[in-house]
Each structure stands twice: as structure tokens, then as C-alpha cells.
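*Asks:* Got a file for you: coords05.txt, compact mmCIF, C-alpha atoms.
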```
# COMPACT_ATOMS: atom_id res chain seq x y z
CA MET X 1 0.00 0.00 0.00
CA ASP X 2 1.22 3.50 -0.87
CA LYS X 3 2.68 5.22 2.21
CA ARG X 4 0.61 8.35 1.55
CA ARG X 5 -2.58 6.30 1.57
CA GLN X 6 -1.45 4.51 4.73
CA ARG X 7 -0.89 7.85 6.49
CA ALA X 8 -4.34 9.04 5.39
CA ARG X 9 -5.87 5.85 6.76
CA GLU X 10 -4.20 6.25 10.15
CA LYS X 11 -5.26 9.88 10.37
CA PHE X 12 -8.86 8.95 9.51
CA ARG X 13 -8.94 6.24 12.18
CA LYS X 14 -7.83 8.77 14.80
CA MET X 15 -10.61 11.23 13.85
CA ARG X 16 -13.32 8.94 15.26
CA PHE X 17 -16.23 11.41 14.77
CA GLY X 18 -17.63 12.93 11.58
CA MET X 19 -20.68 14.73 10.22
CA PHE X 20 -22.78 13.13 7.47
CA ILE X 21 -24.83 15.59 5.39
CA HIS X 22 -27.73 14.49 3.18
CA TRP X 23 -28.89 17.50 1.16
CA GLY X 24 -30.48 17.97 -2.22
CA ILE X 25 -33.57 19.22 -4.01
CA TYR X 26 -35.60 16.55 -2.18
CA SER X 27 -35.37 18.77 0.91
CA LEU X 28 -38.01 21.01 -0.70
CA LEU X 29 -40.57 18.23 -0.23
CA GLU X 30 -39.56 17.78 3.45
CA ARG X 31 -40.14 14.02 3.37
CA GLY X 32 -36.65 12.54 3.15
CA GLU X 33 -34.20 11.76 0.36
CA TRP X 34 -36.11 8.71 -1.00
CA VAL X 35 -39.34 10.66 -1.52
CA MET X 36 -39.18 10.41 -5.33
CA PHE X 37 -38.89 6.61 -5.19
CA HIS X 38 -41.30 5.90 -2.34
CA GLU X 39 -44.07 8.16 -3.63
CA LYS X 40 -43.45 7.21 -7.27
CA ILE X 41 -43.10 10.85 -8.30
CA PRO X 42 -42.55 10.98 -12.08
CA LEU X 43 -39.44 12.72 -13.37
CA SER X 44 -41.64 15.26 -15.14
CA GLU X 45 -42.77 16.45 -11.70
CA TYR X 46 -39.60 15.84 -9.71
CA LYS X 47 -36.89 17.38 -11.89
CA PRO X 48 -38.54 20.84 -11.95
CA LEU X 49 -37.79 21.06 -8.21
CA MET X 50 -34.39 22.39 -9.26
CA GLU X 51 -36.14 25.50 -10.61
CA ARG X 52 -37.34 26.25 -7.04
CA PHE X 53 -34.17 25.32 -5.15
CA ASN X 54 -32.67 28.45 -3.62
CA PRO X 55 -31.02 27.82 -0.22
CA TYR X 56 -30.39 31.51 0.40
CA LEU X 57 -29.35 30.96 4.05
CA PHE X 58 -26.62 28.42 3.25
CA ASN X 59 -23.31 29.37 4.82
CA ALA X 60 -20.47 26.87 4.45
CA ASP X 61 -18.40 28.48 7.22
CA GLN X 62 -21.31 28.13 9.67
CA TRP X 63 -21.73 24.45 8.85
CA VAL X 64 -18.03 23.75 9.29
CA GLN X 65 -17.90 25.70 12.55
CA LEU X 66 -20.83 23.66 13.85
CA ALA X 67 -18.96 20.46 13.00
CA LYS X 68 -15.84 21.76 14.72
CA ARG X 69 -17.72 22.83 17.87
CA ALA X 70 -19.36 19.39 17.93
CA GLY X 71 -15.91 17.81 18.06
CA MET X 72 -16.24 16.34 14.57
CA ARG X 73 -13.04 15.93 12.59
CA TYR X 74 -14.49 15.28 9.11
CA ILE X 75 -17.56 15.84 6.95
CA THR X 76 -19.06 13.52 4.33
CA ILE X 77 -21.67 15.19 2.11
CA THR X 78 -23.91 14.03 -0.73
CA ALA X 79 -22.45 15.35 -3.98
CA LYS X 80 -25.05 13.26 -5.83
CA HIS X 81 -27.77 11.08 -4.32
CA HIS X 82 -29.92 8.43 -6.00
CA ASP X 83 -32.16 11.08 -7.61
CA GLY X 84 -29.21 12.01 -9.84
CA PHE X 85 -29.20 15.73 -8.98
CA CYS X 86 -25.66 17.08 -8.58
CA MET X 87 -24.90 19.40 -5.68
CA TYR X 88 -21.73 20.55 -7.43
CA ASP X 89 -20.83 22.18 -10.74
CA SER X 90 -20.48 19.07 -12.89
CA ASP X 91 -19.36 19.47 -16.49
CA LEU X 92 -21.14 16.24 -17.42
CA THR X 93 -24.77 17.21 -16.76
CA ASP X 94 -27.09 20.22 -16.65
CA TYR X 95 -28.98 18.66 -13.73
CA LYS X 96 -26.96 20.49 -11.07
CA ILE X 97 -27.07 23.17 -8.41
CA THR X 98 -25.37 25.86 -10.50
CA ASN X 99 -28.40 25.77 -12.82
CA THR X 100 -30.83 26.51 -9.97
CA PRO X 101 -31.85 30.00 -8.78
CA PHE X 102 -29.08 29.59 -6.17
CA LYS X 103 -26.43 29.28 -8.91
CA ARG X 104 -23.53 28.73 -6.46
CA ASP X 105 -21.34 25.62 -6.15
CA VAL X 106 -22.01 24.24 -2.65
CA MET X 107 -19.16 21.73 -2.84
CA ARG X 108 -16.62 24.40 -3.75
CA GLU X 109 -17.68 26.61 -0.86
CA LEU X 110 -17.66 23.71 1.57
CA THR X 111 -14.25 22.56 0.31
CA ASP X 112 -12.80 26.01 0.94
CA ALA X 113 -14.40 26.29 4.40
CA CYS X 114 -13.10 22.86 5.43
CA ARG X 115 -9.56 23.66 4.30
CA LYS X 116 -9.56 26.89 6.32
CA THR X 117 -10.72 25.06 9.43
CA GLY X 118 -8.74 21.85 9.16
CA ILE X 119 -11.81 19.62 8.76
CA ALA X 120 -11.40 16.73 6.31
CA LEU X 121 -14.02 16.53 3.53
CA LEU X 122 -15.30 13.39 1.82
CA PHE X 123 -17.86 13.22 -0.98
CA TYR X 124 -20.76 10.79 -1.01
CA TYR X 125 -21.64 9.80 -4.57
CA SER X 126 -24.43 7.47 -5.70
CA PRO X 127 -23.67 5.24 -8.72
CA LEU X 128 -27.38 4.36 -8.61
CA ASP X 129 -29.29 6.97 -10.60
CA TRP X 130 -33.10 7.10 -10.87
CA GLN X 131 -33.17 9.71 -13.61
CA HIS X 132 -30.33 8.99 -16.03
CA PRO X 133 -31.80 7.38 -19.20
CA ALA X 134 -28.74 5.17 -19.77
CA TYR X 135 -28.95 3.57 -16.30
CA LYS X 136 -31.47 1.02 -17.57
CA SER X 137 -30.78 1.04 -21.30
CA ASP X 138 -27.05 1.47 -21.99
CA TRP X 139 -24.81 0.29 -19.17
CA GLU X 140 -21.55 1.07 -20.95
CA THR X 141 -22.60 4.67 -21.56
CA TYR X 142 -23.84 5.04 -18.00
CA THR X 143 -20.60 3.59 -16.58
CA ARG X 144 -18.57 6.17 -18.49
CA TYR X 145 -20.89 8.87 -17.08
CA TRP X 146 -20.70 7.97 -13.42
CA HIS X 147 -16.98 7.11 -13.52
CA GLY X 148 -16.44 10.47 -15.20
CA GLN X 149 -18.30 12.29 -12.45
CA VAL X 150 -16.37 10.64 -9.62
CA ILE X 151 -13.08 11.38 -11.38
CA GLU X 152 -14.31 14.93 -11.90
CA LEU X 153 -15.04 15.32 -8.17
CA VAL X 154 -11.50 14.24 -7.26
CA LYS X 155 -9.85 16.43 -9.89
CA LYS X 156 -11.89 19.53 -9.09
CA TYR X 157 -12.04 19.44 -5.30
CA ARG X 158 -9.30 17.07 -4.07
CA PRO X 159 -11.38 15.58 -1.22
CA TYR X 160 -10.00 13.42 1.56
CA GLY X 161 -12.13 10.54 0.34
CA ILE X 162 -14.95 9.22 -1.83
CA TRP X 163 -17.94 7.45 -0.22
CA LEU X 164 -19.96 5.40 -2.76
CA ASP X 165 -23.51 4.17 -2.14
CA GLY X 166 -25.88 2.34 -4.46
CA CYS X 167 -23.86 -0.52 -5.94
CA TRP X 168 -26.14 -2.81 -3.92
CA ASP X 169 -28.71 -2.15 -6.69
CA LYS X 170 -26.75 -4.56 -8.94
CA PRO X 171 -24.88 -6.82 -6.49
CA GLU X 172 -24.01 -9.68 -8.82
CA LYS X 173 -20.34 -9.70 -9.90
CA LEU X 174 -19.95 -6.42 -8.08
CA ASP X 175 -16.47 -5.43 -9.25
CA GLU X 176 -17.04 -6.54 -12.82
CA THR X 177 -20.49 -4.93 -13.13
CA TRP X 178 -19.51 -1.52 -11.77
CA LYS X 179 -15.87 -1.67 -12.93
CA LEU X 180 -14.77 -0.61 -9.46
CA THR X 181 -11.12 -1.68 -9.55
CA GLU X 182 -10.74 0.19 -12.82
CA LEU X 183 -12.27 3.33 -11.28
CA TYR X 184 -10.20 3.11 -8.10
CA LYS X 185 -6.99 2.83 -10.12
CA SER X 186 -7.90 5.98 -12.06
CA LEU X 187 -8.71 7.86 -8.86
CA ARG X 188 -5.45 6.95 -7.15
CA GLU X 189 -3.43 7.94 -10.21
CA ILE X 190 -4.89 11.42 -9.65
CA GLN X 191 -4.65 11.38 -5.85
CA PRO X 192 -2.62 8.54 -4.30
CA ASP X 193 -3.72 9.23 -0.72
CA LEU X 194 -7.45 9.26 -1.52
CA LEU X 195 -9.55 7.12 0.82
CA ILE X 196 -12.36 5.08 -0.74
CA GLY X 197 -15.42 3.57 0.89
CA ASN X 198 -18.25 1.73 -0.82
CA ASN X 199 -21.47 0.92 1.00
CA HIS X 200 -22.21 -2.11 -1.20
CA HIS X 201 -22.99 -4.50 1.69
CA GLN X 202 -20.33 -7.01 0.64
CA GLU X 203 -16.78 -7.72 1.81
CA PRO X 204 -14.50 -4.76 1.05
CA LEU X 205 -12.53 -4.99 -2.17
CA PRO X 206 -8.71 -4.76 -1.85
CA ASP X 207 -8.66 -1.13 -2.98
CA GLU X 208 -11.38 0.00 -0.57
CA ASP X 209 -10.42 1.58 2.75
CA ILE X 210 -13.66 2.22 4.66
CA GLN X 211 -16.25 -0.42 5.58
CA THR X 212 -19.51 1.23 6.61
CA TYR X 213 -22.42 0.04 8.73
CA GLU X 214 -25.80 1.78 8.64
CA GLN X 215 -27.86 2.65 11.73
CA ASP X 216 -26.14 0.04 13.89
CA LEU X 217 -22.86 -0.87 15.51
CA PRO X 218 -20.32 -2.86 13.49
CA GLY X 219 -21.08 -6.55 13.58
CA GLU X 220 -24.67 -6.10 14.73
CA ASN X 221 -26.21 -5.73 11.24
CA THR X 222 -27.02 -9.45 11.12
CA VAL X 223 -29.69 -8.86 8.48
CA GLY X 224 -30.49 -5.99 6.17
CA PHE X 225 -28.06 -3.18 5.47
CA ASN X 226 -24.70 -4.87 6.03
CA PRO X 227 -24.52 -8.41 7.45
CA ILE X 228 -20.81 -8.73 6.58
CA PRO X 229 -18.48 -8.90 9.63
CA PRO X 230 -15.88 -6.12 9.93
CA ALA X 231 -12.75 -6.83 7.93
CA ASP X 232 -9.45 -6.88 9.83
CA ASN X 233 -7.72 -4.48 7.45
CA ALA X 234 -10.62 -2.01 6.96
CA LEU X 235 -11.37 1.31 8.57
CA ILE X 236 -14.71 0.69 10.27
CA GLU X 237 -17.45 3.32 10.37
CA THR X 238 -21.05 3.45 11.57
CA CYS X 239 -23.26 6.01 9.87
CA MET X 240 -26.35 6.95 11.83
CA THR X 241 -29.18 9.48 11.84
CA ILE X 242 -30.09 11.74 14.77
CA ASN X 243 -33.78 11.08 14.14
CA ASN X 244 -34.95 8.37 11.71
CA SER X 245 -34.31 10.27 8.46
CA TRP X 246 -31.25 11.05 6.35
CA GLY X 247 -32.67 13.86 4.23
CA TYR X 248 -34.74 16.60 5.88
CA ASN X 249 -38.09 15.27 7.08
CA ALA X 250 -40.26 17.85 8.79
CA ARG X 251 -42.56 15.18 10.24
CA ASP X 252 -39.77 13.12 11.83
CA THR X 253 -39.51 14.31 15.44
CA HIS X 254 -37.99 11.09 16.83
CA HIS X 255 -34.69 12.70 17.76
CA LYS X 256 -32.22 10.66 19.81
CA SER X 257 -31.21 12.31 23.06
CA THR X 258 -27.72 13.70 23.52
CA THR X 259 -27.13 11.01 26.14
CA GLN X 260 -27.92 8.33 23.57
CA LEU X 261 -25.62 9.93 21.01
CA ILE X 262 -22.69 10.29 23.43
CA ARG X 263 -23.02 6.64 24.36
CA ILE X 264 -23.28 5.59 20.70
CA LEU X 265 -20.06 7.50 19.96
CA ALA X 266 -18.32 5.69 22.82
CA LEU X 267 -19.67 2.31 21.72
CA CYS X 268 -18.38 2.93 18.19
CA ALA X 269 -14.91 3.80 19.50
CA GLY X 270 -15.12 0.72 21.73
CA ARG X 271 -15.70 -1.34 18.55
CA ASP X 272 -12.69 0.39 16.92
CA ALA X 273 -15.05 2.32 14.64
CA ASN X 274 -15.77 5.92 13.69
CA LEU X 275 -19.23 7.45 14.07
CA LEU X 276 -20.54 9.40 11.06
CA LEU X 277 -23.57 11.23 12.48
CA ASN X 278 -26.07 12.64 10.00
CA VAL X 279 -27.85 15.96 9.60
CA GLY X 280 -30.32 16.73 6.82
CA PRO X 281 -30.34 20.49 6.13
CA LYS X 282 -33.55 22.32 5.30
CA PRO X 283 -34.24 23.68 1.80
CA ASP X 284 -33.18 27.16 2.98
CA GLY X 285 -29.68 25.85 3.78
CA THR X 286 -29.95 25.78 7.59
CA ILE X 287 -29.55 22.80 9.92
CA GLN X 288 -32.51 22.25 12.21
CA LYS X 289 -32.10 23.50 15.77
CA GLU X 290 -32.85 20.14 17.40
CA HIS X 291 -29.79 18.68 15.68
CA GLN X 292 -27.56 21.67 16.29
CA ASP X 293 -28.35 21.59 20.01
CA ARG X 294 -27.43 17.92 20.30
CA LEU X 295 -24.20 18.33 18.35
CA LEU X 296 -23.10 21.27 20.49
CA GLU X 297 -23.75 19.33 23.69
CA MET X 298 -21.71 16.42 22.31
CA GLY X 299 -18.92 18.89 21.65
CA GLU X 300 -19.02 20.08 25.26
CA TRP X 301 -18.67 16.49 26.46
CA LEU X 302 -15.79 15.86 24.05
CA ARG X 303 -13.90 18.95 25.20
CA ILE X 304 -13.63 17.26 28.60
CA ASN X 305 -13.50 13.61 27.58
CA GLY X 306 -12.12 13.68 24.04
CA GLU X 307 -8.86 11.93 24.89
CA ALA X 308 -10.95 8.82 25.57
CA ILE X 309 -12.32 8.92 21.99
CA TYR X 310 -9.82 10.46 19.54
CA ALA X 311 -6.79 8.41 18.52
CA THR X 312 -7.85 5.50 20.71
CA ARG X 313 -8.33 1.88 19.72
CA GLY X 314 -11.18 -0.39 20.70
CA LYS X 315 -11.81 -4.08 21.30
CA VAL X 316 -10.42 -3.86 24.84
CA PHE X 317 -12.98 -6.10 26.56
CA SER X 318 -15.97 -8.09 25.41
CA ALA X 319 -19.38 -6.37 25.62
CA SER X 320 -20.14 -5.09 29.11
CA GLU X 321 -23.40 -4.04 30.72
CA TRP X 322 -21.71 -1.11 32.44
CA GLY X 323 -20.52 0.58 29.22
CA THR X 324 -17.46 0.14 26.99
CA ALA X 325 -13.71 0.76 26.86
CA THR X 326 -11.07 2.34 24.64
CA ARG X 327 -7.29 2.31 24.90
CA THR X 328 -3.95 3.89 24.04
CA PRO X 329 -0.57 2.19 24.58
CA LYS X 330 -0.37 3.27 28.25
CA ARG X 331 -3.98 3.98 29.19
CA ILE X 332 -7.32 2.20 29.26
CA TYR X 333 -10.46 4.34 29.34
CA LEU X 334 -13.58 2.88 30.91
CA HIS X 335 -16.77 4.54 29.64
CA VAL X 336 -19.31 3.93 32.41
CA TRP X 337 -23.02 4.75 32.39
CA ASN X 338 -24.63 1.78 34.13
CA ILE X 339 -23.66 1.20 37.76
CA PRO X 340 -23.78 -2.49 38.70
CA HIS X 341 -26.07 -3.39 41.58
CA GLU X 342 -23.12 -4.12 43.88
CA LYS X 343 -21.56 -0.70 43.05
CA GLN X 344 -18.40 -2.37 41.81
CA LEU X 345 -16.72 -2.94 38.47
CA ASN X 346 -14.72 -6.13 38.10
CA ILE X 347 -12.29 -5.70 35.21
CA PRO X 348 -10.09 -8.54 33.94
CA MET X 349 -6.63 -6.98 34.20
CA PRO X 350 -3.38 -8.96 33.86
CA LEU X 351 -1.38 -5.71 33.65
CA LYS X 352 -0.19 -3.77 36.70
CA VAL X 353 -2.37 -0.67 37.18
CA ARG X 354 -0.47 2.37 38.43
CA SER X 355 -3.43 4.67 39.06
CA VAL X 356 -7.21 4.87 38.61
CA ARG X 357 -9.00 8.23 38.37
CA TRP X 358 -11.99 10.00 36.87
CA LEU X 359 -11.05 11.80 33.66
CA ALA X 360 -13.32 14.82 34.22
CA THR X 361 -12.59 15.52 37.90
CA LYS X 362 -9.09 13.94 38.18
CA LYS X 363 -10.21 12.44 41.51
CA PRO X 364 -8.97 8.93 42.34
CA VAL X 365 -11.29 5.93 42.13
CA PRO X 366 -11.00 3.45 45.05
CA HIS X 367 -9.75 0.12 43.73
CA GLN X 368 -8.06 -3.14 44.53
CA GLN X 369 -6.04 -5.37 42.20
CA SER X 370 -5.46 -9.08 42.50
CA GLU X 371 -3.43 -11.21 40.10
CA ASN X 372 -5.83 -10.97 37.14
CA MET X 373 -8.70 -8.78 38.35
CA LEU X 374 -9.15 -5.09 39.06
CA THR X 375 -12.08 -4.14 41.32
CA LEU X 376 -13.31 -0.55 41.27
CA SER X 377 -15.69 0.91 43.85
CA LEU X 378 -18.26 3.25 42.31
CA PRO X 379 -20.27 6.04 43.96
CA GLU X 380 -24.04 6.10 44.28
CA GLN X 381 -24.20 8.50 41.33
CA LEU X 382 -21.75 8.90 38.47
CA PRO X 383 -20.08 12.30 37.90
CA ASP X 384 -21.72 12.42 34.45
CA VAL X 385 -24.79 10.22 34.00
CA ARG X 386 -24.39 10.39 30.21
CA ASN X 387 -20.95 8.75 30.22
CA SER X 388 -18.34 9.01 32.95
CA VAL X 389 -14.79 8.08 31.95
CA ILE X 390 -12.29 6.37 34.27
CA ILE X 391 -8.60 6.35 33.30
CA LEU X 392 -6.48 3.32 34.10
CA GLU X 393 -2.75 4.04 33.90
CA VAL X 394 -1.03 0.76 33.02
```
Once you've parsed the file, please lay out its structure as C-alpha cells.

*Replies:*
Amino acid sequence: MDKRRQRAREKFRKMRFGMFIHWGIYSLLERGEWVMFHEKIPLSEYKPLMERFNPYLFNADQWVQLAKRAGMRYITITAKHHDGFCMYDSDLTDYKITNTPFKRDVMRELTDACRKTGIALLFYYSPLDWQHPAYKSDWETYTRYWHGQVIELVKKYRPYGIWLDGCWDKPEKLDETWKLTELYKSLREIQPDLLIGNNHHQEPLPDEDIQTYEQDLPGENTVGFNPIPPADNALIETCMTINNSWGYNARDTHHKSTTQLIRILALCAGRDANLLLNVGPKPDGTIQKEHQDRLLEMGEWLRINGEAIYATRGKVFSASEWGTATRTPKRIYLHVWNIPHEKQLNIPMPLKVRSVRWLATKKPVPHQQSENMLTLSLPEQLPDVRNSVIILEV
């Protein structure tokens, strides 16, 4: 593997927390990104949405600052979703944002804002296309089109990575059908350190870096989205919504609490995975307040406890009812949110523990260590009921 790509992979693993953004003309209908498919809206009615799309309140710097304040280290955004509408200035189609009343190139503005702030940017791109006439009639022509667009994205914007979604629509002979190895070779000739993920629900191909799980922790998608176990050599990522929708859905008020989201982030890190947490901006270009509030509260927690998430590795212990754990070479971080009935944690520990303390308060945690077991005495109430972190110095 190219050393530049290897460095990019290690940096991505250390990021641990990113923002997913699903945004397109479907936001005008306020019923999610699959609205055209689910409601069987004909193209003659759907495509004219672009003539109304004018997100006059969009501000790339504000979005990136929100991600930064939330403690997110990267952003993955939909450059093209399954409806085929391009949120960037593609030279290969007229069905794009620069031909709307808005006229501006969202991806260019977001690229510039991310570079200023030090946030990595990845582009989601859907090879599945509900509107392109060649998708069903001329596969060779369509393959040239979508390969051309992905290559165009890399040449124009130089993103940190490409995140593909939709190859599950034609799963047979995956690599041969979609000509993925051929595409990946072309992309890395342009940008050797480019990271590539493909949400095709099969084992990662040799040239793919990121293995993604939808709406669940890695290894728990036993049916449905991705039943494939995590690969040893892959970067593992869980993508998840704050409510139940990816694209903006005005009727979806089932927002996860900040406590749930903080624990999900810890559980992902404990599985050695990143969390890519989604927002679906409104048609005016703003992110709904319910999601902003939760992200900002997560950022406050990370400012105190971030060392237990960023640049850590997981798979420290098997699943535990009390929480999860992450590690660095000299520290183990216990993420605790359920106090056992006996008010004690019994941790298998063959290593000598030098000290045990709360990360947030720096106060010591009473403990005893025998040959292979560490016993911690917990208080009646945790310092932070959302997730209290204990540092073991080993």
C-alpha cells in the first residue's frame, strides 16, 4: 500500500467522529431523500424542483464551525444522491445546483471552508441513478458517465475521500459490473492518498479503505443493510441518523437524546469504529435547531473527555453491561453509564495498574487489584450520567 494512503488511513482512524450531510432538491418536499422513489413521483414532476431550489441561508463556514464545535473531525456530504441531482458544478450534466436560482457551487464553498478550518471533507456519490436514461438502457454509456463524475469530483475538489452508495442495486459480480477496480486505479493515479469507501454491503474490495455500517454498531447488522463482519484491514465506520431520516423530514420528530448519542459514539470507538452522524439540512440551507443543540452538547462532552475517543483503539474487553472501553498504549479508558447493583466494576486486568482516576474531575477511584482482576468501587451516582470516563494508567 502507498505510504501516503497509509498515512491518510491512520489519520482517519484517529478522527473517530464525523458529520454526514444528506442534502439535495428533495429537501423542498420535506419528506426525506427517498421521496421520489417511495411516492413514485414521475421525473416530469420531480426534476422541476431544481427551478425552485434556492437555499439563500446556506453558509459553508457556519456548517463547518458547527462540526468543529461538535468535536467532529471530518464531513461527508452528498455530492449526488440516487435522484441524480448534482450538488456541485459538474461538467457532465445540466442537472446540477449551479443551474438553480441559487447558482452557487455548494461543494466548492464547503471545500474552501473545510480547508480553512482543518476539517477533512469526503464526498458521497451514488452510482445508482433514478433519472439517467442510460442507467437502464445502456450500461456502458452510464458507466462512463458515473466514472467520469467521480473522477471529476476528485480532480476539481481534491477531497479526503470518496464514499460510494448504491452498488447494492446490482450486487451480482460487483467489481465486474460496476468496474470498481478500474475506477479506483484511475482515482489513485490522480490522488494517491485518496480514501475510498463503498457501502455495497459485501466484503471490502482490496482497494477499498472504509467499511460502513448503517444505523447500527459494526457486527450487529445481522440482516439488512450490512450483514458482513468487519474486515481486519478495513477502517470501520457506523453512519447513523439523529432522528430516523437522512434527508430533511419535517414530520420526523424522533430525535435521539444527547445522552444516547454520546453513548453511541463511545460504543463505536469501543468497537474500533468511527461514528458518522447525520444531519439533513432544510431547503433554505440551515440545519434544524434540534440537531444543532445535540451536536453542540456532544462537543461540550468531548472537550472534557475527548482523549478517551480520539486516537484510541477499541476491542479492549468483550461487551459489558456497564458501558465500553477504549485504549492507548499506556492507558485504558472505561466509559461507564450503568452502575452495577453491587456498586463495583470487576475488570479482567493482567497488567499492573499504576493509578485509577476520573477523567473529568481527576479524583482517584477506590480500587483493589489481584493477580488478574481489578475491582473498582463506584459512587451512588456517576459524575456524568451520560458517560463518565475512568482512566487506568497501566

*Asks:* Could you jot down the CA of Leu296 (chain X) to CA of Gly71 (chain X) separation for me, Å, one decimal place?

*Replies:*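 So the answer is 8.3 Å.
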
*Asks:* Excluding Trp139 (chain X) and any residue of its chain fewer than 4 positions from it, enumerate the residues within 12 Å of it, using only C-alpha atoms, and give them as a list in words.

*Replies:*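 Contacts, with the query itself left out: Pro127, Leu128, Asp129, His132, Pro133, Ala134, Tyr135, Thr143, Arg144, Tyr145, Trp146, His147, Lys170, Thr177, Trp178 and Lys179 of chain X.
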
*Asks:* Could you name the residues that touch Ala250 (chain X) at 10 Å or less, counting all atoms listed in the file, but leaving out those on the same chain fewer than 2 positions away, as a PyMOL selection string?

*Replies:* chain X and resi 27+29-32+245+247-248+252-253+282+288

*Asks:* Could you tell me how far CA of Arg73 (chain X) lies from CA of Trp301 (chain X), in Å and to one decimal?

*Replies:*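 Computing the Euclidean distance for CA of Arg73 (chain X) and CA of Trp301 (chain X) yields 15.0 Å.
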
*Asks:* Need the shell around region 255-266 of chain X: protein/DNA/RNA residues with any atom at most 9 Å away, counting all atoms listed in the file. Skip same-chain ones fewer than 4 positions apart. Format as number ranges by chain?

*Replies:* X: 16-17, 217, 241-244, 270-271, 273-275, 277, 290-291, 293-295, 297-298, 301-302, 308-309, 323-326, 335, 337, 385-387

*Asks:* Complete region 140-161 of chain X with N, CA and C atoms (output as a PDB file, in the coordinates of the input).

*Replies:*
```pdb
ATOM      1  N   GLU X 140     -22.886   0.586 -20.620  1.00  0.00           N
ATOM      2  CA  GLU X 140     -21.550   1.070 -20.950  1.00  0.00           C
ATOM      3  C   GLU X 140     -21.509   2.591 -20.944  1.00  0.00           C
ATOM      4  N   THR X 141     -22.524   3.205 -21.546  1.00  0.00           N
ATOM      5  CA  THR X 141     -22.600   4.670 -21.560  1.00  0.00           C
ATOM      6  C   THR X 141     -22.760   5.213 -20.148  1.00  0.00           C
ATOM      7  N   TYR X 142     -23.626   4.554 -19.358  1.00  0.00           N
ATOM      8  CA  TYR X 142     -23.840   5.040 -18.000  1.00  0.00           C
ATOM      9  C   TYR X 142     -22.570   4.888 -17.154  1.00  0.00           C
ATOM     10  N   THR X 143     -21.847   3.793 -17.336  1.00  0.00           N
ATOM     11  CA  THR X 143     -20.600   3.590 -16.580  1.00  0.00           C
ATOM     12  C   THR X 143     -19.602   4.697 -16.880  1.00  0.00           C
ATOM     13  N   ARG X 144     -19.473   5.064 -18.142  1.00  0.00           N
ATOM     14  CA  ARG X 144     -18.570   6.170 -18.490  1.00  0.00           C
ATOM     15  C   ARG X 144     -19.023   7.466 -17.795  1.00  0.00           C
ATOM     16  N   TYR X 145     -20.342   7.658 -17.714  1.00  0.00           N
ATOM     17  CA  TYR X 145     -20.890   8.870 -17.080  1.00  0.00           C
ATOM     18  C   TYR X 145     -20.552   8.935 -15.600  1.00  0.00           C
ATOM     19  N   TRP X 146     -20.886   7.864 -14.865  1.00  0.00           N
ATOM     20  CA  TRP X 146     -20.700   7.970 -13.420  1.00  0.00           C
ATOM     21  C   TRP X 146     -19.219   7.887 -13.043  1.00  0.00           C
ATOM     22  N   HIS X 147     -18.427   7.093 -13.758  1.00  0.00           N
ATOM     23  CA  HIS X 147     -16.980   7.110 -13.520  1.00  0.00           C
ATOM     24  C   HIS X 147     -16.433   8.512 -13.782  1.00  0.00           C
ATOM     25  N   GLY X 148     -16.894   9.127 -14.857  1.00  0.00           N
ATOM     26  CA  GLY X 148     -16.440  10.470 -15.200  1.00  0.00           C
ATOM     27  C   GLY X 148     -16.758  11.477 -14.123  1.00  0.00           C
ATOM     28  N   GLN X 149     -17.923  11.341 -13.511  1.00  0.00           N
ATOM     29  CA  GLN X 149     -18.300  12.290 -12.450  1.00  0.00           C
ATOM     30  C   GLN X 149     -17.457  12.099 -11.188  1.00  0.00           C
ATOM     31  N   VAL X 150     -17.184  10.857 -10.813  1.00  0.00           N
ATOM     32  CA  VAL X 150     -16.370  10.640  -9.620  1.00  0.00           C
ATOM     33  C   VAL X 150     -14.937  11.147  -9.857  1.00  0.00           C
ATOM     34  N   ILE X 151     -14.408  10.864 -11.029  1.00  0.00           N
ATOM     35  CA  ILE X 151     -13.080  11.380 -11.380  1.00  0.00           C
ATOM     36  C   ILE X 151     -13.088  12.908 -11.369  1.00  0.00           C
ATOM     37  N   GLU X 152     -14.165  13.476 -11.878  1.00  0.00           N
ATOM     38  CA  GLU X 152     -14.310  14.930 -11.900  1.00  0.00           C
ATOM     39  C   GLU X 152     -14.310  15.496 -10.475  1.00  0.00           C
ATOM     40  N   LEU X 153     -15.002  14.854  -9.564  1.00  0.00           N
ATOM     41  CA  LEU X 153     -15.040  15.320  -8.170  1.00  0.00           C
ATOM     42  C   LEU X 153     -13.637  15.350  -7.562  1.00  0.00           C
ATOM     43  N   VAL X 154     -12.857  14.306  -7.825  1.00  0.00           N
ATOM     44  CA  VAL X 154     -11.500  14.240  -7.260  1.00  0.00           C
ATOM     45  C   VAL X 154     -10.598  15.290  -7.900  1.00  0.00           C
ATOM     46  N   LYS X 155     -10.689  15.442  -9.213  1.00  0.00           N
ATOM     47  CA  LYS X 155      -9.850  16.430  -9.890  1.00  0.00           C
ATOM     48  C   LYS X 155     -10.182  17.857  -9.474  1.00  0.00           C
ATOM     49  N   LYS X 156     -11.480  18.157  -9.372  1.00  0.00           N
ATOM     50  CA  LYS X 156     -11.890  19.530  -9.090  1.00  0.00           C
ATOM     51  C   LYS X 156     -11.687  19.957  -7.653  1.00  0.00           C
ATOM     52  N   TYR X 157     -11.948  19.026  -6.704  1.00  0.00           N
ATOM     53  CA  TYR X 157     -12.040  19.440  -5.300  1.00  0.00           C
ATOM     54  C   TYR X 157     -11.002  18.792  -4.389  1.00  0.00           C
ATOM     55  N   ARG X 158     -10.324  17.758  -4.855  1.00  0.00           N
ATOM     56  CA  ARG X 158      -9.300  17.070  -4.070  1.00  0.00           C
ATOM     57  C   ARG X 158      -9.795  16.728  -2.654  1.00  0.00           C
ATOM     58  N   PRO X 159     -10.855  15.927  -2.547  1.00  0.00           N
ATOM     59  CA  PRO X 159     -11.380  15.580  -1.220  1.00  0.00           C
ATOM     60  C   PRO X 159     -10.478  14.589  -0.497  1.00  0.00           C
ATOM     61  N   TYR X 160     -10.742  14.413   0.771  1.00  0.00           N
ATOM     62  CA  TYR X 160     -10.000  13.420   1.560  1.00  0.00           C
ATOM     63  C   TYR X 160     -10.403  12.008   1.146  1.00  0.00           C
ATOM     64  N   GLY X 161     -11.674  11.874   0.723  1.00  0.00           N
ATOM     65  CA  GLY X 161     -12.130  10.540   0.340  1.00  0.00           C
ATOM     66  C   GLY X 161     -13.391  10.581  -0.492  1.00  0.00           C
TER      67      GLY X 161
END
```
